[in-house]
Each structure stands twice: as structure tokens, then as C-alpha cells.
>>> print(open('model_7.txt').read())   # compact mmCIF, C-alpha atoms
# COMPACT_ATOMS: atom_id res chain seq x y z
CA MET P 1 58.55 118.39 73.15
CA PHE P 2 56.49 115.28 73.80
CA ASP P 3 56.08 113.97 70.31
CA PHE P 4 56.37 110.23 70.37
CA ASP P 5 57.01 108.51 67.12
CA ALA P 6 58.98 105.61 65.66
CA THR P 7 62.11 106.93 67.41
CA LEU P 8 60.97 105.17 70.57
CA PRO P 9 60.86 101.54 69.40
CA LEU P 10 63.85 102.01 67.14
CA MET P 11 65.84 103.46 70.02
CA ALA P 12 64.79 100.52 72.20
CA VAL P 13 65.90 98.03 69.56
CA GLN P 14 69.10 99.96 69.03
CA PHE P 15 69.80 99.94 72.73
CA LEU P 16 69.24 96.19 72.96
CA LEU P 17 71.63 95.70 70.05
CA LEU P 18 74.13 97.97 71.79
CA ALA P 19 73.78 95.96 75.00
CA ALA P 20 74.37 92.73 73.08
CA LEU P 21 77.35 94.22 71.27
CA MET P 22 78.81 95.65 74.46
CA ASN P 23 78.37 92.27 76.11
CA VAL P 24 80.53 90.74 73.40
CA VAL P 25 83.20 93.44 73.00
CA PHE P 26 83.34 94.87 76.50
CA PHE P 27 81.76 92.99 79.38
CA LYS P 28 82.76 89.43 78.55
CA PRO P 29 86.41 89.99 77.59
CA LEU P 30 87.18 92.49 80.34
CA THR P 31 85.36 90.47 82.98
CA LYS P 32 87.41 87.51 81.87
CA VAL P 33 90.61 89.55 82.10
CA ILE P 34 89.72 90.75 85.59
CA ASP P 35 88.71 87.29 86.78
CA ASP P 36 91.86 85.79 85.29
CA ARG P 37 93.93 88.40 87.05
CA ASN P 38 92.16 87.68 90.34
CA ASP P 39 92.80 83.96 89.86
CA TYR P 40 96.42 84.63 89.01
CA ILE P 41 96.87 86.81 92.09
CA ARG P 42 95.15 84.25 94.28
CA THR P 43 97.21 81.33 92.98
CA SER P 44 100.49 83.22 93.13
CA GLU P 45 99.67 84.35 96.63
CA ALA P 46 98.94 80.78 97.66
CA ASP P 47 102.11 79.66 95.89
CA ALA P 48 104.17 82.31 97.63
CA LYS P 49 102.66 81.37 100.99
CA GLU P 50 103.47 77.74 100.35
CA ARG P 51 107.03 78.60 99.39
CA LEU P 52 107.41 80.81 102.43
CA ALA P 53 106.24 77.98 104.67
CA LYS P 54 108.64 75.65 102.90
CA ALA P 55 111.53 78.08 103.35
CA GLU P 56 110.66 78.48 107.00
CA SER P 57 110.55 74.75 107.59
CA MET P 58 113.86 74.43 105.74
CA ALA P 59 115.41 77.14 107.90
CA LYS P 60 114.16 75.31 110.98
CA GLN P 61 115.59 72.08 109.63
CA TYR P 62 118.94 73.74 108.98
CA GLU P 63 118.97 75.21 112.45
CA ALA P 64 118.27 71.80 113.92
CA ASP P 65 121.05 70.31 111.76
CA LEU P 66 123.36 73.09 112.86
CA ALA P 67 122.62 72.45 116.52
CA ALA P 68 123.12 68.72 116.03
CA SER P 69 126.46 69.19 114.31
CA ARG P 70 127.52 71.70 116.95
CA ARG P 71 126.75 69.13 119.61
CA ALA P 72 128.59 66.49 117.59
CA TYR P 73 131.74 68.52 117.21
CA GLN P 74 131.68 69.54 120.83
CA ALA P 75 131.44 65.88 121.74
CA THR P 76 134.27 65.10 119.36
CA ILE P 77 136.45 67.80 120.86
CA ALA P 78 135.67 66.59 124.35
CA ALA P 79 136.48 63.03 123.36
CA ALA P 80 139.72 64.08 121.71
CA GLN P 81 140.68 66.14 124.73
CA ALA P 82 139.91 63.24 127.04
CA GLU P 83 141.91 60.90 124.87
CA ALA P 84 144.82 63.29 124.70
CA GLN P 85 144.67 63.71 128.47
CA GLN P 86 144.69 59.98 128.84
CA VAL P 87 147.68 59.66 126.56
CA VAL P 88 149.46 62.42 128.41
CA ASP P 89 148.72 60.78 131.75
CA GLN P 90 149.84 57.42 130.44
CA LYS P 91 153.03 58.86 128.99
CA ILE P 92 153.77 60.68 132.22
CA ALA P 93 153.14 57.56 134.19
CA GLU P 94 155.37 55.55 131.87
CA ALA P 95 158.11 58.12 132.06
CA GLN P 96 157.86 58.24 135.80
CA GLN P 97 158.01 54.46 135.92
CA ALA P 98 160.99 54.42 133.62
CA ALA P 99 162.72 57.07 135.66
CA GLN P 100 161.94 55.15 138.80
CA ALA P 101 163.29 51.99 137.26
CA GLN P 102 166.43 53.75 136.11
CA ARG P 103 166.92 55.25 139.52
CA GLU P 104 166.49 51.90 141.16
CA GLN P 105 168.87 50.35 138.69
CA ALA P 106 171.38 53.02 139.32
CA GLN P 107 170.93 52.64 143.05
CA LYS P 108 171.39 48.91 142.72
CA GLU P 109 174.54 49.32 140.70
CA LEU P 110 175.79 51.85 143.15
CA ASP P 111 175.17 49.49 146.01
CA GLN P 112 176.82 46.67 144.14
CA GLN P 113 179.85 48.74 143.36
CA LYS P 114 179.93 49.98 146.91
CA GLN P 115 179.77 46.46 148.13
CA ALA P 116 182.43 45.37 145.69
CA ALA P 117 184.56 48.31 146.69
CA MET P 118 184.00 47.51 150.34
CA GLN P 119 184.86 43.89 149.71
CA SER P 120 188.07 44.72 147.93
CA LEU P 121 188.83 47.27 150.62
CA GLU P 122 188.27 44.62 153.25
CA GLN P 123 190.52 42.25 151.46
CA GLN P 124 193.14 44.89 151.20
CA VAL P 125 192.65 45.70 154.85
CA ASP P 126 193.02 42.03 155.64
CA ALA P 127 196.12 41.71 153.51
CA LEU P 128 197.60 44.81 155.00
CA SER P 129 196.80 43.77 158.49
CA ARG P 130 198.29 40.35 157.86
CA GLU P 131 201.39 42.01 156.50
CA ILE P 132 201.52 44.25 159.47
CA LEU P 133 201.04 41.25 161.69
CA ASP P 134 203.73 39.32 159.89
CA LYS P 135 206.13 42.16 160.14
CA LEU P 136 205.39 42.60 163.79
CA LEU P 137 205.62 38.91 164.45
CA VAL P 138 208.95 38.71 162.59
CA GLY P 139 210.36 41.10 164.99
CA ILE P 140 209.57 38.95 167.89
CA MET M 1 60.91 128.51 71.47
CA LEU M 2 63.12 131.14 72.97
CA ASN M 3 64.00 132.70 69.67
CA PHE M 4 61.65 135.51 70.43
CA LEU M 5 64.58 137.25 72.10
CA ASP M 6 65.78 139.05 69.05
CA VAL M 7 69.39 137.96 69.38
CA PRO M 8 72.17 139.43 67.30
CA THR M 9 73.91 137.04 64.93
CA SER M 10 76.98 136.84 67.15
CA LEU M 11 74.84 135.12 69.75
CA SER M 12 73.24 132.66 67.37
CA LEU M 13 75.31 129.96 69.09
CA ALA M 14 73.04 130.35 72.02
CA SER M 15 69.67 130.29 70.40
CA LEU M 16 67.39 127.53 71.48
CA GLU M 17 65.27 125.16 69.57
CA VAL M 18 63.08 122.90 71.58
CA GLY M 19 60.49 120.85 69.83
CA HIS M 20 62.13 121.18 66.45
CA HIS M 21 63.38 117.92 65.09
CA LEU M 22 65.21 116.74 62.07
CA TYR M 23 62.60 114.32 60.76
CA TRP M 24 63.59 111.31 58.78
CA GLN M 25 60.92 109.43 56.93
CA ILE M 26 61.12 105.64 56.86
CA GLY M 27 58.15 104.21 55.04
CA ASN M 28 55.32 106.05 56.72
CA LEU M 29 57.17 106.28 60.02
CA LYS M 30 58.76 109.46 61.24
CA ILE M 31 61.89 109.36 63.34
CA HIS M 32 64.03 112.03 64.95
CA GLY M 33 67.23 112.05 62.96
CA GLN M 34 69.29 114.20 65.31
CA VAL M 35 68.71 111.76 68.17
CA PHE M 36 69.94 108.87 66.10
CA ILE M 37 72.97 110.73 64.78
CA VAL M 38 74.22 111.56 68.26
CA SER M 39 73.31 108.14 69.62
CA TRP M 40 75.35 106.56 66.83
CA ILE M 41 78.28 108.75 67.81
CA VAL M 42 77.81 107.70 71.43
CA ILE M 43 77.63 104.05 70.42
CA GLY M 44 80.71 104.56 68.27
CA ILE M 45 82.61 106.02 71.23
CA LEU M 46 81.58 103.16 73.51
CA VAL M 47 82.37 100.41 71.04
CA THR M 48 85.66 101.98 69.96
CA ALA M 49 86.77 102.42 73.55
CA SER M 50 85.79 98.82 74.32
CA LEU M 51 87.62 97.48 71.30
CA LEU M 52 90.72 99.53 72.09
CA ALA M 53 90.61 98.33 75.67
CA THR M 54 90.14 94.65 74.90
CA GLN M 55 92.04 94.07 71.68
CA ASN M 56 95.35 93.79 73.52
CA ALA M 57 94.26 93.06 77.05
CA GLN M 58 97.20 92.71 79.41
CA ARG M 59 97.41 91.24 82.84
CA VAL M 60 98.81 94.57 84.02
CA PRO M 61 96.36 97.10 82.58
CA LYS M 62 97.58 100.24 80.89
CA GLY M 63 95.98 103.34 79.42
CA ILE M 64 92.52 102.82 77.99
CA GLN M 65 92.30 99.28 79.33
CA ASN M 66 92.72 100.69 82.82
CA LEU M 67 89.97 103.23 82.21
CA MET M 68 87.54 100.67 80.83
CA GLU M 69 88.34 98.22 83.61
CA TYR M 70 87.56 100.97 86.07
CA ALA M 71 84.26 101.55 84.29
CA LEU M 72 83.51 97.84 84.31
CA GLU M 73 84.30 97.45 87.99
CA PHE M 74 82.17 100.48 88.70
CA VAL M 75 79.07 99.10 86.97
CA ARG M 76 79.76 95.64 88.37
CA ASN M 77 79.85 97.00 91.90
CA LEU M 78 76.75 99.07 91.22
CA THR M 79 74.87 96.02 89.97
CA ARG M 80 76.15 93.80 92.77
CA ASP M 81 75.22 96.32 95.44
CA GLN M 82 71.66 96.44 94.15
CA ILE M 83 70.96 92.89 92.98
CA GLY M 84 73.17 90.98 95.37
CA GLU M 85 76.16 88.71 95.06
CA LYS M 86 74.17 85.66 93.95
CA GLU M 87 72.29 86.88 90.92
CA TYR M 88 73.97 90.04 89.71
CA ARG M 89 76.20 88.54 87.02
CA PRO M 90 73.74 88.12 84.13
CA TRP M 91 72.46 91.66 84.70
CA VAL M 92 75.81 93.42 84.53
CA PRO M 93 75.75 93.91 80.74
CA PHE M 94 72.24 95.38 80.74
CA VAL M 95 72.67 97.71 83.72
CA GLY M 96 76.23 98.54 82.70
CA THR M 97 75.22 99.41 79.15
CA LEU M 98 72.39 101.54 80.51
CA PHE M 99 74.82 103.45 82.67
CA LEU M 100 77.50 103.85 80.03
CA PHE M 101 75.07 104.83 77.27
CA ILE M 102 73.25 107.40 79.40
CA PHE M 103 76.48 108.72 80.90
CA VAL M 104 78.24 109.17 77.57
CA SER M 105 75.06 110.60 76.01
CA ASN M 106 74.64 113.15 78.80
CA TRP M 107 78.24 114.20 78.73
CA SER M 108 78.29 114.38 74.97
CA GLY M 109 75.39 116.81 75.25
CA ALA M 110 77.21 118.84 77.87
CA LEU M 111 80.73 118.79 76.43
CA VAL M 112 80.48 118.70 72.64
CA PRO M 113 79.58 122.00 70.97
CA TRP M 114 76.98 120.44 68.68
CA LYS M 115 75.69 123.85 67.74
CA LEU M 116 78.68 124.28 65.45
CA ILE M 117 77.22 121.59 63.19
CA ARG M 118 74.24 122.99 61.40
CA LEU M 119 71.30 120.80 60.55
CA PRO M 120 68.51 121.71 58.19
CA GLU M 121 66.13 121.53 61.12
CA GLY M 122 66.44 120.95 64.82
CA GLU M 123 69.81 120.72 66.54
CA LEU M 124 72.12 118.01 67.71
CA ALA M 125 72.00 117.37 71.45
CA ALA M 126 72.27 114.58 73.94
CA PRO M 127 70.04 111.68 72.87
CA THR M 128 68.74 111.61 76.43
CA ASN M 129 67.06 115.00 76.08
CA ASP M 130 64.57 113.45 73.71
CA ILE M 131 61.61 111.89 75.50
CA ASN M 132 61.58 109.00 73.03
CA THR M 133 65.01 107.83 74.15
CA THR M 134 64.31 108.01 77.85
CA VAL M 135 60.93 106.33 77.52
CA ALA M 136 62.51 103.60 75.39
CA LEU M 137 65.15 102.98 78.06
CA ALA M 138 62.60 103.09 80.88
CA LEU M 139 60.31 100.63 79.09
CA LEU M 140 63.29 98.35 78.56
CA VAL M 141 63.92 98.49 82.30
CA SER M 142 60.28 97.55 82.90
CA LEU M 143 60.56 94.66 80.48
CA ALA M 144 63.81 93.63 82.15
CA TYR M 145 62.36 93.44 85.62
CA PHE M 146 59.26 91.65 84.42
CA TYR M 147 61.51 89.21 82.61
CA ALA M 148 63.61 88.81 85.76
CA GLY M 149 60.55 88.15 87.89
CA PHE M 150 58.94 85.69 85.49
CA SER M 151 62.11 83.80 84.73
CA LYS M 152 62.79 83.40 88.45
CA LYS M 153 59.31 82.57 89.75
CA GLY M 154 57.11 81.94 86.73
CA LEU M 155 53.53 82.99 87.35
CA GLY M 156 54.31 83.10 91.05
CA TYR M 157 55.67 86.52 90.31
CA PHE M 158 52.12 87.86 90.49
CA ALA M 159 52.01 86.82 94.13
CA LYS M 160 54.05 89.85 95.00
CA TYR M 161 51.15 92.11 94.03
CA VAL M 162 48.97 90.75 96.82
CA GLN M 163 51.61 89.51 99.16
CA PRO M 164 51.53 91.79 102.21
CA THR M 165 47.84 92.45 101.75
CA PRO M 166 45.53 92.50 98.71
CA ILE M 167 44.45 95.99 99.70
CA LEU M 168 47.67 97.30 98.21
CA LEU M 169 46.99 95.63 94.87
CA PRO M 170 46.02 98.85 93.07
CA ILE M 171 49.12 100.57 94.38
CA ALA M 172 51.30 97.64 93.35
CA ILE M 173 49.84 97.77 89.87
CA LEU M 174 50.20 101.51 89.77
CA GLU M 175 53.85 101.11 90.68
CA ASP M 176 54.50 99.29 87.43
CA PHE M 177 53.35 102.39 85.59
CA THR M 178 55.01 104.96 87.80
CA LYS M 179 58.36 103.25 87.67
CA PRO M 180 59.03 103.75 83.94
CA LEU M 181 57.26 107.09 84.04
CA SER M 182 59.43 108.45 86.82
CA LEU M 183 62.58 106.91 85.34
CA SER M 184 62.05 108.42 81.91
CA PHE M 185 60.83 111.83 83.06
CA ARG M 186 63.54 112.20 85.65
CA LEU M 187 66.27 111.64 83.08
CA PHE M 188 64.56 113.57 80.31
CA GLY M 189 63.67 116.51 82.55
CA ASN M 190 67.08 116.81 84.14
CA ILE M 191 69.00 116.71 80.89
CA LEU M 192 66.65 118.97 78.98
CA ALA M 193 66.43 121.42 81.87
CA ASP M 194 70.18 121.48 82.22
CA GLU M 195 70.64 122.24 78.54
CA LEU M 196 67.94 124.88 78.68
CA VAL M 197 69.46 126.58 81.72
CA VAL M 198 72.87 126.63 80.10
CA ALA M 199 71.41 127.94 76.85
CA VAL M 200 69.41 130.65 78.58
CA LEU M 201 72.41 131.76 80.61
CA VAL M 202 74.59 131.79 77.52
CA LEU M 203 71.91 133.84 75.85
CA LEU M 204 72.00 136.40 78.64
CA VAL M 205 75.69 136.48 79.52
CA PRO M 206 77.81 134.78 76.89
CA LEU M 207 81.07 134.58 78.82
CA PHE M 208 82.17 132.88 82.05
CA VAL M 209 78.91 133.22 83.94
CA PRO M 210 77.43 130.00 82.48
CA LEU M 211 80.55 128.04 83.45
CA PRO M 212 79.45 127.09 86.99
CA VAL M 213 76.09 126.02 85.63
CA MET M 214 77.84 123.98 82.94
CA LEU M 215 79.91 122.28 85.64
CA LEU M 216 76.76 121.65 87.62
CA GLY M 217 75.32 120.23 84.40
CA LEU M 218 78.20 117.80 84.08
CA PHE M 219 77.65 116.74 87.68
CA THR M 220 73.90 116.36 87.18
CA SER M 221 74.45 114.36 84.00
CA ALA M 222 76.71 111.89 85.78
CA ILE M 223 74.35 111.64 88.75
CA GLN M 224 71.36 111.04 86.48
CA ALA M 225 73.14 108.22 84.69
CA LEU M 226 74.03 106.72 88.06
CA VAL M 227 70.47 107.14 89.35
CA PHE M 228 68.95 105.56 86.27
CA ALA M 229 71.24 102.54 86.37
CA THR M 230 70.90 102.14 90.15
CA LEU M 231 67.11 102.29 90.02
CA ALA M 232 67.03 99.84 87.12
CA ALA M 233 69.14 97.41 89.13
CA ALA M 234 67.01 98.02 92.22
CA TYR M 235 63.79 97.25 90.32
CA ILE M 236 65.32 94.07 88.93
CA HIS M 237 66.42 93.10 92.43
CA GLU M 238 62.94 93.74 93.74
CA ALA M 239 61.44 91.52 91.05
CA LEU M 240 63.96 88.78 91.81
CA GLU M 241 63.54 88.91 95.55
CA GLY M 242 59.79 89.22 95.82
CA HIS M 243 57.86 91.73 97.84
CA GLY M 244 58.43 90.21 101.23
CA ASP M 245 62.19 90.33 101.55
CA GLU M 246 63.13 93.53 99.83
CA HIS M 247 63.83 95.35 103.07
CA HIS M 248 66.43 93.22 104.80
CA GLU M 249 69.53 94.31 102.98
>>> encode(input="model_7.txt", output="C-alpha cells")
Amino acid sequence: MFDFDATLPLMAVQFLLLAALMNVVFFKPLTKVIDDRNDYIRTSEADAKERLAKAESMAKQYEADLAASRRAYQATIAAAQAEAQQVVDQKIAEAQQAAQAQREQAQKELDQQKQAAMQSLEQQVDALSREILDKLLVGI
Amino acid sequence: MLNFLDVPTSLSLASLEVGHHLYWQIGNLKIHGQVFIVSWIVIGILVTASLLATQNAQRVPKGIQNLMEYALEFVRNLTRDQIGEKEYRPWVPFVGTLFLFIFVSNWSGALVPWKLIRLPEGELAAPTNDINTTVALALLVSLAYFYAGFSKKGLGYFAKYVQPTPILLPIAILEDFTKPLSLSFRLFGNILADELVVAVLVLLVPLFVPLPVMLLGLFTSAIQALVFATLAAAYIHEALEGHGDEHHE
């Protein structure tokens, strides 16, 4: 059972050769594969994080833009409404003025015509009264 | 050894041969052929699996690549837990190969019915049930931790023998002998005992009864590989750290 012979050193040498061979065909390439994979995962994780941060900042930017444009269009609408109101007011005022002017004109004409009518009526009254007077006086 | 039980031929699968070896003669050196045959198969399995896993390595692992990456991460974590984040990297191949070689050897002994292949003498079994293999691995661990200590601290490595107090010097020196001894005998004893228990049970009750013991054997085999690799890494860590700071992990 315990017979030592040349098996011992030969086995030791063989094992060292095996270790060297395994280092070349197993440990080095697979360690490299695993390390490469870890690197890849680390870099893609960092990349993804970076892109996520970028997307978030972009979303924030868009939201800010959206708020700004909402404010802008609200301001525009308000301005347009104010302008329209102004125009409406102005138009109403103008129309009222025009109506006023027309009324005054009409009133003036009416007065004129009334006056003229009164004048001619007075004249006729005068003429008639003179005629009446003449006729009365003739009888005397 | 146990062939004295006069077993019928139908049970010859279960007969045991301990201490019989298939001797190969190289020059005037004798080596145990059966140990080398199985170790070459084990090495073949490891190298083939590695090549299959790495020849078309993908970023998203599939199939055998996944398995081997799991194995690699396992031995990497084992080494890192023992040696520490800073210095574990150069030791991963050594400790990892130790673990994989012992693990595959043990399981090959437990799972492959080697008895079906007849050898002129001896029988095929896990390489780790031969004391030569385990002593070779344990001595390599000793060399590794001495190398680690000397390459880190030069001759200052010897300071650790007298560091807390010179009174412990004999014990510190003794430790260098007990470490490989315990490493090799633990592995050797566990694997050999496991195979013996299974063989004896198979000898007595050929069917079903040995199954729980075989499962226990698989478990033990895996644990022994883990223990061997963990202790190797722990010894290396101890040599790297010095005697004073080995306790504050």
C-alpha cells in the first residue's frame, strides 16, 4: 500500500505540466471572457445610466418648453381678446357717435323744416289776415 | 488482500486488490502504470472540457462554457476567500488545477466501473487512492507555499518561525512536515477507504445496499477535493501573510 517509487516525482511533474496547460487552455481564456463580460456589463450599465439621465433632463427640458409655450399662447389669447374687446368698444363707440350725429342731424333738419313750415304758415296767416282785413275794410 | 473470501465468479467484479500494481519499468525506475493511465484519462477530460469551453467562447455562455465558467468562478472564489483579494490571482491556476484534478480523479474512481477493464496486474482506480499521487500533490503544495513565502519576503520568511516566541520554533518546523503529511494522508485515506468500503459492501450484498455508501463516497470525494484545495490556499495565504496577522480575517 505504501510503496513509494518513481510514480511520485513523475506525478508531481505531470501535475505541474497539467497546471501549466490548464493555465493556458482554461484559466487564462475563461478569466478573460469573464472579465470582459464584467467590463461590458459595467460599461453598458454606465452608458444606460448616462442615457437615462440624458432622457430625464430632456423630458424636463421639454416640460419647461411646454410650460413656456403654454404661457405664451395664453398671453397671446389674452392679448387678442383684449384687442378684440378694444375694437368692439371702439366700433360701438363709433356707431353710437354716428347714430348720435345722425339723430342730431335729423333733429336739426326737423327743426329747420318746422321753422320753415312755421314761417310759411305765418306768412300765409299774415296774407290771409290782410285779406280778411282788406275785405272787412272794403265793407266799411 | 480480501480475496481470501472465496467468491464465486459472478462476484469477481467485487474482488479487491490493494497493494497490487501494474508496474511499468522505465530504465531502472518502477512506476505504477494504472495510476498514470487513469490520470491521463482525467487530464484528457479536463483539457477536452477546457478546450470545448474556450474554443468558441461567447459573451453569453452556453452549455459546456457555462459549466466550466461555473467551475472557474468556484475555484476563483475559493482561492480569493483563502488568500485574499490582493494576492489571489496568480494562485488561481495552481489551486484551481489541484481542485479540478483531485475532484475529477475522485469522481472517476467512484463513477467509472474500471473493474470492467482487465489489467494484467492491479486494477484501475482513482489516481488519488495511490499514496504516490497524494504525496506528490502535497509536496507540491509545500513547495508552493515556500515559494510564496520566499518570493514575498525573501529570507525574512524565516522570521515567522520565531515570530510570536522562539519557544514555538520546534512546533513551527514540525508544522512544515505535518502539513504535507496530513494533506496527503487525508486524501489518500479517504479515497482508499471509500473504495474499500464500497468494495466490501458489494462483496457482501451485491445489489442496492451499497448505493447509499456509493452516494456518500461521491460526497466524500467532492469534499476531499474541496478540503485539499482550501487547505493548499490557506497554507499559501499563511506564508504570504506571515505568522502575526493570520488571525484577523
>>> closest_atom_pairs(input="model_7.txt", of="chain P", to="chain M", cutoff="6 Å", atoms="all atoms listed in the file", output="tab-separated table")
residue	atom	partner	partner_atom	distance
P:Met1	CA	M:Gly19	CA	4.6
P:Phe4	CA	M:Asn132	CA	6.0
P:Ala6	CA	M:Ile31	CA	5.3
P:Thr7	CA	M:Ile31	CA	4.7
P:Leu8	CA	M:Asn132	CA	4.6
P:Ala12	CA	M:Ala136	CA	5.0
P:Ala19	CA	M:Thr97	CA	5.6
P:Asn23	CA	M:Pro93	CA	5.6
P:Phe26	CA	M:Ser50	CA	5.1
>>> axis_aligned_box(input="model_7.txt", around="region 24-39 of chain P", padding_each_side="8 Å", output="AutoDock Vina command-line options")
--center_x 87.2 --center_y 89.4 --center_z 81.7 --size_x 29.4 --size_y 26.9 --size_z 33.3
>>> atom_distance(input="model_7.txt", atom1="CA of Met214 (chain M)", atom2="CA of Ile102 (chain M)")
17.6 Å
>>> atom_distance(input="model_7.txt", atom1="CA of Asp126 (chain P)", atom2="CA of Ala106 (chain P)")
29.2 Å
>>> atom_distance(input="model_7.txt", atom1="CA of Leu116 (chain M)", atom2="CA of Leu10 (chain P)")
26.8 Å
>>> residues_around(input="model_7.txt", residues="Phe103 (chain M)", least_positions_apart="6", cutoff="10 Å", atoms="only C-alpha atoms", output="ChimeraX atom specification")
/M:42,97,109,128,218,221-226,228-229
>>> closest_residue(input="model_7.txt", among="M:Phe146, M:Phe208, M:Tyr157, M:Phe188", to="Tyr235 (chain M)", atoms="all atoms listed in the file")
M:Phe146
>>> residues_around(input="model_7.txt", residues="Leu124 (chain M)", least_positions_apart="6", cutoff="8 Å", atoms="only C-alpha atoms", output="PyMOL selection string")
chain M and resi 34-35+37-38+114-115+117
>>> write_last_selection(input="model_7.txt", atoms="C-alpha atoms", output="PDB file, in the frame of the given file")
ATOM      1  CA  GLN M  34      69.290 114.200  65.310  1.00  0.00           C
ATOM      2  CA  VAL M  35      68.710 111.760  68.170  1.00  0.00           C
ATOM      3  CA  ILE M  37      72.970 110.730  64.780  1.00  0.00           C
ATOM      4  CA  VAL M  38      74.220 111.560  68.260  1.00  0.00           C
ATOM      5  CA  TRP M 114      76.980 120.440  68.680  1.00  0.00           C
ATOM      6  CA  LYS M 115      75.690 123.850  67.740  1.00  0.00           C
ATOM      7  CA  ILE M 117      77.220 121.590  63.190  1.00  0.00           C
TER       8      ILE M 117
END
